[in-house]
Each structure stands twice: as C-alpha cells, then as structure tokens.
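One file, query-v2.pdb, carrying PDB, C-alpha atoms:
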```pdb
ATOM      1  CA  MET A   1      33.681  12.241   3.179
ATOM      2  CA  SER A   2      33.040  15.981   3.001
ATOM      3  CA  GLU A   3      30.695  17.727   0.573
ATOM      4  CA  VAL A   4      33.784  19.466  -0.877
ATOM      5  CA  ASP A   5      35.325  16.081  -1.763
ATOM      6  CA  LEU A   6      32.041  14.930  -3.241
ATOM      7  CA  SER A   7      31.702  18.069  -5.374
ATOM      8  CA  SER A   8      35.266  17.850  -6.666
ATOM      9  CA  TRP A   9      34.831  14.175  -7.560
ATOM     10  CA  ILE A  10      31.606  14.934  -9.415
ATOM     11  CA  VAL A  11      33.217  17.690 -11.481
ATOM     12  CA  ALA A  12      36.225  15.496 -12.263
ATOM     13  CA  ALA A  13      34.047  12.486 -13.099
ATOM     14  CA  GLN A  14      31.957  14.614 -15.443
ATOM     15  CA  SER A  15      35.216  15.486 -17.229
ATOM     16  CA  GLY A  16      35.966  11.782 -17.726
ATOM     17  CA  ASP A  17      38.189  11.106 -14.698
ATOM     18  CA  GLU A  18      37.621   7.409 -13.960
ATOM     19  CA  GLU A  19      39.402   7.542 -10.599
ATOM     20  CA  ALA A  20      37.067  10.335  -9.469
ATOM     21  CA  PHE A  21      34.068   8.211 -10.460
ATOM     22  CA  ARG A  22      35.524   5.282  -8.493
ATOM     23  CA  SER A  23      35.883   7.599  -5.479
ATOM     24  CA  LEU A  24      32.237   8.622  -5.850
ATOM     25  CA  TYR A  25      31.228   4.969  -6.053
ATOM     26  CA  ARG A  26      33.251   3.986  -2.976
ATOM     27  CA  ALA A  27      31.792   6.890  -0.997
ATOM     28  CA  MET A  28      28.160   6.364  -2.005
ATOM     29  CA  GLN A  29      27.767   2.615  -2.549
ATOM     30  CA  PRO A  30      27.570   1.437   1.093
ATOM     31  CA  GLY A  31      24.671   3.762   1.929
ATOM     32  CA  LEU A  32      22.840   3.090  -1.349
ATOM     33  CA  LEU A  33      23.248  -0.650  -0.895
ATOM     34  CA  ARG A  34      21.814  -0.537   2.632
ATOM     35  CA  TYR A  35      18.910   1.571   1.359
ATOM     36  CA  LEU A  36      18.233  -0.896  -1.457
ATOM     37  CA  ARG A  37      18.418  -3.882   0.909
ATOM     38  CA  GLY A  38      15.540  -2.319   2.773
ATOM     39  CA  LEU A  39      13.567  -2.010  -0.470
ATOM     40  CA  VAL A  40      14.371  -5.194  -2.424
ATOM     41  CA  GLY A  41      16.044  -7.518   0.080
ATOM     42  CA  ASP A  42      18.592  -9.938  -1.356
ATOM     43  CA  ASP A  43      18.379  -8.399  -4.837
ATOM     44  CA  ALA A  44      19.989  -5.172  -3.612
ATOM     45  CA  GLU A  45      23.356  -5.707  -5.312
ATOM     46  CA  ASP A  46      21.769  -6.344  -8.704
ATOM     47  CA  VAL A  47      19.566  -3.272  -8.363
ATOM     48  CA  ALA A  48      22.546  -1.183  -7.183
ATOM     49  CA  SER A  49      24.468  -2.250 -10.283
ATOM     50  CA  GLU A  50      21.616  -1.059 -12.485
ATOM     51  CA  ALA A  51      21.454   2.201 -10.536
ATOM     52  CA  TRP A  52      25.171   2.841 -11.024
ATOM     53  CA  LEU A  53      24.849   2.166 -14.742
ATOM     54  CA  ARG A  54      22.153   4.856 -14.900
ATOM     55  CA  ILE A  55      24.183   7.218 -12.714
ATOM     56  CA  ALA A  56      27.219   6.804 -14.989
ATOM     57  CA  ARG A  57      25.078   7.267 -18.095
ATOM     58  CA  ASP A  58      23.374  10.447 -16.838
ATOM     59  CA  LEU A  59      26.184  12.012 -14.784
ATOM     60  CA  ASP A  60      26.966  14.611 -17.461
ATOM     61  CA  ASN A  61      23.408  15.932 -17.138
ATOM     62  CA  PHE A  62      23.613  16.258 -13.337
ATOM     63  CA  SER A  63      24.009  19.769 -11.948
ATOM     64  CA  GLY A  64      23.918  21.135  -8.416
ATOM     65  CA  ASN A  65      26.727  19.186  -6.749
ATOM     66  CA  SER A  66      25.244  19.502  -3.249
ATOM     67  CA  GLY A  67      22.242  17.406  -4.316
ATOM     68  CA  PHE A  68      24.177  14.396  -5.566
ATOM     69  CA  ARG A  69      23.205  12.126  -2.647
ATOM     70  CA  ALA A  70      19.529  12.833  -3.253
ATOM     71  CA  TRP A  71      19.888  12.369  -7.003
ATOM     72  CA  ALA A  72      21.688   9.030  -6.556
ATOM     73  CA  ALA A  73      19.070   7.867  -4.024
ATOM     74  CA  THR A  74      16.303   8.830  -6.462
ATOM     75  CA  VAL A  75      17.945   6.854  -9.272
ATOM     76  CA  ALA A  76      18.367   3.861  -6.941
ATOM     77  CA  ARG A  77      14.739   4.089  -5.816
ATOM     78  CA  HIS A  78      13.482   4.163  -9.411
ATOM     79  CA  CYS A  79      15.566   1.072 -10.165
ATOM     80  CA  ALA A  80      14.161  -0.645  -7.062
ATOM     81  CA  MET A  81      10.556   0.150  -8.012
ATOM     82  CA  ASP A  82      11.200  -1.089 -11.580
ATOM     83  CA  HIS A  83      12.666  -4.283 -10.135
ATOM     84  CA  LEU A  84       9.698  -4.870  -7.804
ATOM     85  CA  ARG A  85       7.219  -4.298 -10.639
ATOM     86  CA  HIS A  86       9.158  -6.766 -12.791
ATOM     87  CA  LEU A  87       9.074  -9.359  -9.995
ATOM     88  CA  ARG A  88       5.309  -9.027  -9.707
ATOM     89  CA  LEU A  89       4.930  -9.620 -13.435
ATOM     90  CA  ARG A  90       7.563 -12.359 -13.702
ATOM     91  CA  PRO A  91       8.229 -14.110 -10.378
ATOM     92  CA  ALA A  92      11.700 -15.599  -9.986
ATOM     93  CA  VAL A  93      12.181 -19.361 -10.368
ATOM     94  CA  PRO A  94      14.212 -20.767  -7.448
ATOM     95  CA  THR A  95      17.555 -22.392  -8.295
ATOM     96  CA  PRO A  96      18.217 -25.775  -6.652
ATOM     97  CA  VAL A  97      20.927 -25.396  -4.024
ATOM     98  CA  GLU A  98      22.943 -28.236  -5.614
ATOM     99  CA  HIS A  99      23.671 -25.953  -8.584
ATOM    100  CA  LEU A 100      25.423 -23.477  -6.308
ATOM    101  CA  CYS A 101      27.886 -25.916  -4.743
ATOM    102  CA  GLU A 102      30.512 -25.490  -7.462
ATOM    103  CA  ILE A 103      30.686 -21.691  -7.213
ATOM    104  CA  PRO A 104      33.920 -20.737  -5.403
ATOM    105  CA  ALA A 105      33.623 -18.363  -2.437
ATOM    106  CA  ALA A 106      35.453 -15.045  -2.606
ATOM    107  CA  GLY A 107      37.453 -14.628   0.612
ATOM    108  CA  ASP A 108      36.576 -16.123   3.988
ATOM    109  CA  ALA A 109      32.821 -16.690   3.972
ATOM    110  CA  GLY A 110      32.719 -16.877   7.782
ATOM    111  CA  GLU A 111      34.377 -13.485   8.194
ATOM    112  CA  GLN A 112      32.133 -11.928   5.550
ATOM    113  CA  ALA A 113      29.034 -13.319   7.250
ATOM    114  CA  ALA A 114      30.135 -12.022  10.664
ATOM    115  CA  GLU A 115      30.863  -8.561   9.256
ATOM    116  CA  SER A 116      27.526  -8.250   7.498
ATOM    117  CA  MET A 117      25.320  -9.894  10.145
ATOM    118  CA  SER A 118      24.633  -6.791  12.233
ATOM    119  CA  THR A 119      24.067  -4.591   9.156
ATOM    120  CA  ASP A 120      21.772  -7.157   7.542
ATOM    121  CA  ALA A 121      19.858  -7.566  10.790
ATOM    122  CA  ALA A 122      19.368  -3.818  11.110
ATOM    123  CA  ILE A 123      18.237  -3.432   7.496
ATOM    124  CA  GLY A 124      15.947  -6.445   7.913
ATOM    125  CA  LEU A 125      14.413  -4.873  10.990
ATOM    126  CA  ILE A 126      13.853  -1.576   9.149
ATOM    127  CA  ALA A 127      12.349  -3.415   6.154
ATOM    128  CA  SER A 128       9.818  -5.054   8.472
ATOM    129  CA  LEU A 129       8.277  -1.648   9.243
ATOM    130  CA  PRO A 130       5.266  -0.318   7.321
ATOM    131  CA  ARG A 131       6.449   0.849   3.885
ATOM    132  CA  ASP A 132       6.225   4.618   4.504
ATOM    133  CA  GLN A 133       8.104   4.343   7.806
ATOM    134  CA  ALA A 134      10.772   2.040   6.369
ATOM    135  CA  GLU A 135      11.538   4.341   3.453
ATOM    136  CA  ALA A 136      11.591   7.423   5.684
ATOM    137  CA  VAL A 137      14.039   5.765   8.109
ATOM    138  CA  LEU A 138      16.209   4.425   5.268
ATOM    139  CA  LEU A 139      16.472   7.803   3.545
ATOM    140  CA  ARG A 140      16.911   9.868   6.722
ATOM    141  CA  VAL A 141      19.134   7.549   8.783
ATOM    142  CA  VAL A 142      20.832   5.169   6.355
ATOM    143  CA  VAL A 143      21.349   7.453   3.340
ATOM    144  CA  GLY A 144      21.642  10.568   5.530
ATOM    145  CA  LEU A 145      19.243  12.893   3.705
ATOM    146  CA  ASP A 146      17.376  15.770   5.348
ATOM    147  CA  ALA A 147      13.585  15.704   5.595
ATOM    148  CA  GLN A 148      13.046  18.095   2.677
ATOM    149  CA  THR A 149      15.208  16.054   0.308
ATOM    150  CA  ALA A 150      13.700  12.749   1.417
ATOM    151  CA  ALA A 151      10.244  14.252   0.956
ATOM    152  CA  ARG A 152      11.040  15.230  -2.654
ATOM    153  CA  ILE A 153      12.191  11.673  -3.408
ATOM    154  CA  LEU A 154       9.074  10.140  -1.847
ATOM    155  CA  GLY A 155       6.624  12.705  -3.223
ATOM    156  CA  LYS A 156       5.466  13.667   0.299
ATOM    157  CA  ARG A 157       5.551  16.700   2.573
ATOM    158  CA  PRO A 158       8.647  17.092   4.825
ATOM    159  CA  GLY A 159       6.462  16.954   7.936
ATOM    160  CA  ALA A 160       4.971  13.636   6.837
ATOM    161  CA  VAL A 161       8.446  12.211   6.275
ATOM    162  CA  ARG A 162       9.652  13.435   9.683
ATOM    163  CA  MET A 163       6.617  11.882  11.358
ATOM    164  CA  ALA A 164       7.007   8.580   9.479
ATOM    165  CA  ALA A 165      10.699   8.416  10.424
ATOM    166  CA  LEU A 166       9.904   9.177  14.072
ATOM    167  CA  ARG A 167       7.178   6.525  14.204
ATOM    168  CA  GLY A 168       9.487   4.051  12.483
ATOM    169  CA  LEU A 169      12.326   4.686  14.918
ATOM    170  CA  ARG A 170       9.959   4.284  17.882
ATOM    171  CA  ARG A 171       8.659   1.029  16.442
ATOM    172  CA  LEU A 172      12.239  -0.168  15.861
ATOM    173  CA  ALA A 173      13.084   0.523  19.494
ATOM    174  CA  GLU A 174      10.058  -1.510  20.593
ATOM    175  CA  ARG A 175      10.945  -4.403  18.289
ATOM    176  CA  LEU A 176      14.545  -4.441  19.461
ATOM    177  CA  ASP A 177      13.260  -4.844  23.011
ATOM    178  CA  GLU A 178      10.934  -7.651  21.866
ATOM    179  CA  VAL A 179      13.579  -9.685  20.017
ATOM    180  CA  GLY A 180      16.293  -9.025  22.568
ATOM    181  CA  GLY A 181      18.883  -8.030  19.968
ATOM    182  CA  ASP A 182      18.771 -11.365  18.090
ATOM    183  CA  THR A 183      17.379  -9.717  14.958
ATOM    184  CA  HIS A 184      19.331 -11.763  12.422
ATOM    185  CA  MET A 185      17.606 -14.956  13.488
ATOM    186  CA  SER A 186      14.039 -13.694  13.166
ATOM    187  CA  LEU A 187      14.258 -11.122  10.390
ATOM    188  CA  SER A 188      16.941 -12.165   7.914
ATOM    189  CA  ARG A 189      14.432 -13.983   5.652
ATOM    190  CA  ARG A 190      12.252 -11.051   4.763
ATOM    191  CA  GLU A 191      10.176 -10.254   1.698
ATOM    192  CA  PRO A 192      11.046  -7.178  -0.361
ATOM    193  CA  MET A 193       8.833  -4.136   0.026
ATOM    194  CA  GLN A 194       5.964  -3.614  -2.374
ATOM    195  CA  PRO A 195       6.309  -0.948  -5.084
ATOM    196  CA  VAL A 196       5.457   2.516  -3.892
ATOM    197  CA  ARG A 197       2.894   4.486  -5.854
ATOM    198  CA  HIS A 198       3.274   8.257  -6.061
ATOM    199  CA  GLY A 199       1.297   9.960  -3.345
ATOM    200  CA  ASP A 200       1.111   6.884  -1.077
TER     201      ASP A 200
END
```
How does the structure come out when it is put into structure tokens?
Amino acid sequence: MSEVDLSSWIVAAQSGDEEAFRSLYRAMQPGLLRYLRGLVGDDAEDVASEAWLRIARDLDNFSGNSGFRAWAATVARHCAMDHLRHLRLRPAVPTPVEHLCEIPAAGDAGEQAAESMSTDAAIGLIASLPRDQAEAVLLRVVVGLDAQTAARILGKRPGAVRMAALRGLRRLAERLDEVGGDTHMSLSRREPMQPVRHGD
C-alpha cells in the first residue's frame, strides 16, 4: 500500500465513500491489531473495534493525509490505555469453558491457529519486554512509524524511542536464542501491559 493510495482513500472516505473506508480498514487493521495485541493481549480485537469506531467518528476532522498511520495508532493507543484502566477498576470474571462449547467455529480452526501462531508468538515475545521497549518496538517495527512520529505518540524524545527500540530488539534476539524459536509455548499466555502514564 503506497502513501498515495492511503491519501486518496482518506479523501474519498471523508466524502462518504464506504468502499474507500473499507480499503483504509483492510490496509491498516493488521498492523493496528498486532500493535494492540502487544498492549492488551487477547482483548486486542475488542479494543481495535473501539478504535475503529472512534476513527470513523472523527475522520472528518483529520487533516494531513501523510500522518494517518500515526493518528490511527494514537487513537488505538488511547483505546488500549482506557481498556487497561477499566480492567484495573473492574477485573474480568472468567467464563466457564463449558459455556463456550456451543459456539460454532468460523472456518477451519486448525488452519487459523497455524496461520496466527508465529504472529502471536512474536507479539507475545515483544509484549514480554519492559513497557517502554515493547511500545517502541511495536510502533517502529510492527506499525512502521518513524522515530519522530512514535515519539510524539509516546510523549518522549525521538532519541529515547530509538534507544528503547534498539534495546528491545537486542533483548528479543537474546530471548529467541534462549527459547530456541518455540516462543508460542512459553509466551502465548501473557498478561497485558500496564497503562502508560505520560512522561514514563
């Protein structure tokens, strides 16, 4: 997806073109979802849905087409932090597994699990890093933002974000050596990150 395509879809979506908005969603959702998995774990899809509701609501007010990725990541991050604060105030009550048996699976569950295993393992490994490193790696590598843009989202200096991303990537390389590539076994059951306070 080129920036030209992204810009044209934004302009068309702002004019009410639903297909253009769908194209934006299809282009942006995979990266946002991976970013949110690193922040909120298994609740990523719910948080992404809330983020897209806010994006759709506020799209008319967005200007500066080249900054759409950063704007969408900022909206998603705010939704994630709201979600984590809500969880701290009202912890979730686990649902007995027996209640889930009647829910039909969409598609071949085995194929879906195989497709997502490596992505989930990678996001789980990133989420196991210290919070500042995890967010820097997610924004720089997963979402694809430059250091200046990631720094604006995180409320930090670009140099601090570059350093956090570098440290995080080094630590990831060390952990990959330690676990021997079998990351989905040891890291798939992770806790979501804690809310980030401005200036942390």
Check your understanding: Which of these residues is nearest to A:Ala13, using all atoms listed in the file: A:Ala121, A:Leu84, A:Ala48, A:Ala56?
Key ->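 The shortest atom-to-atom distance to A:Ala13 comes from A:Ala56.
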Practice item. Check what the PyMOL selection byres ((chain A and resi 136-138) around 7) selects in the file above and give those residues as a PyMOL selection string. Key: chain A and resi 35+132-135+139-143+161+164-165+168
Exercise for review: Record the distance separating atom CA of A:Ile55 and atom CA of A:Ile123, expressed in Å with one decimal.
Suggested key: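 About the pair atom CA of A:Ile55 and atom CA of A:Ile123: they are 23.6 Å apart.
Residue nearest A:Leu32 within the list A:Ala12, A:Leu59, A:Ala122, A:Ala76: A:Ala76 [criterion: smallest interatomic distance, all atoms listed in the file].
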**Study point:** Computed interatomic separation between atom CA of A:Ile153 and atom CA of A:Leu166 (Å)
**Key:** 17.8 Å
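Atom pair atom CA of A:Ala51 / atom CA of A:Ala73 has a distance of 9.0 Å (rounded to one decimal).
The smallest atom-to-atom distance between A:Pro30 and any of A:Gly144, A:Gln14, A:Cys79, A:Leu129, using all atoms listed in the file, is found for A:Gly144.
Distance annotation: of A:Arg26, A:Arg77, A:Arg69, A:Arg170, the residue with the minimal separation from A:Ala44 is A:Arg77; atom set is all atoms listed in the file.
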Exercise for review: Convert the output of the PyMOL selection byres ((chain A and resi 78) around 12) on the shown file into explicit residues, formatted as number ranges by chain.
Suggested key: A: 36, 39-40, 47-48, 50-52, 54-55, 71-77, 79-85, 153-154, 195-198
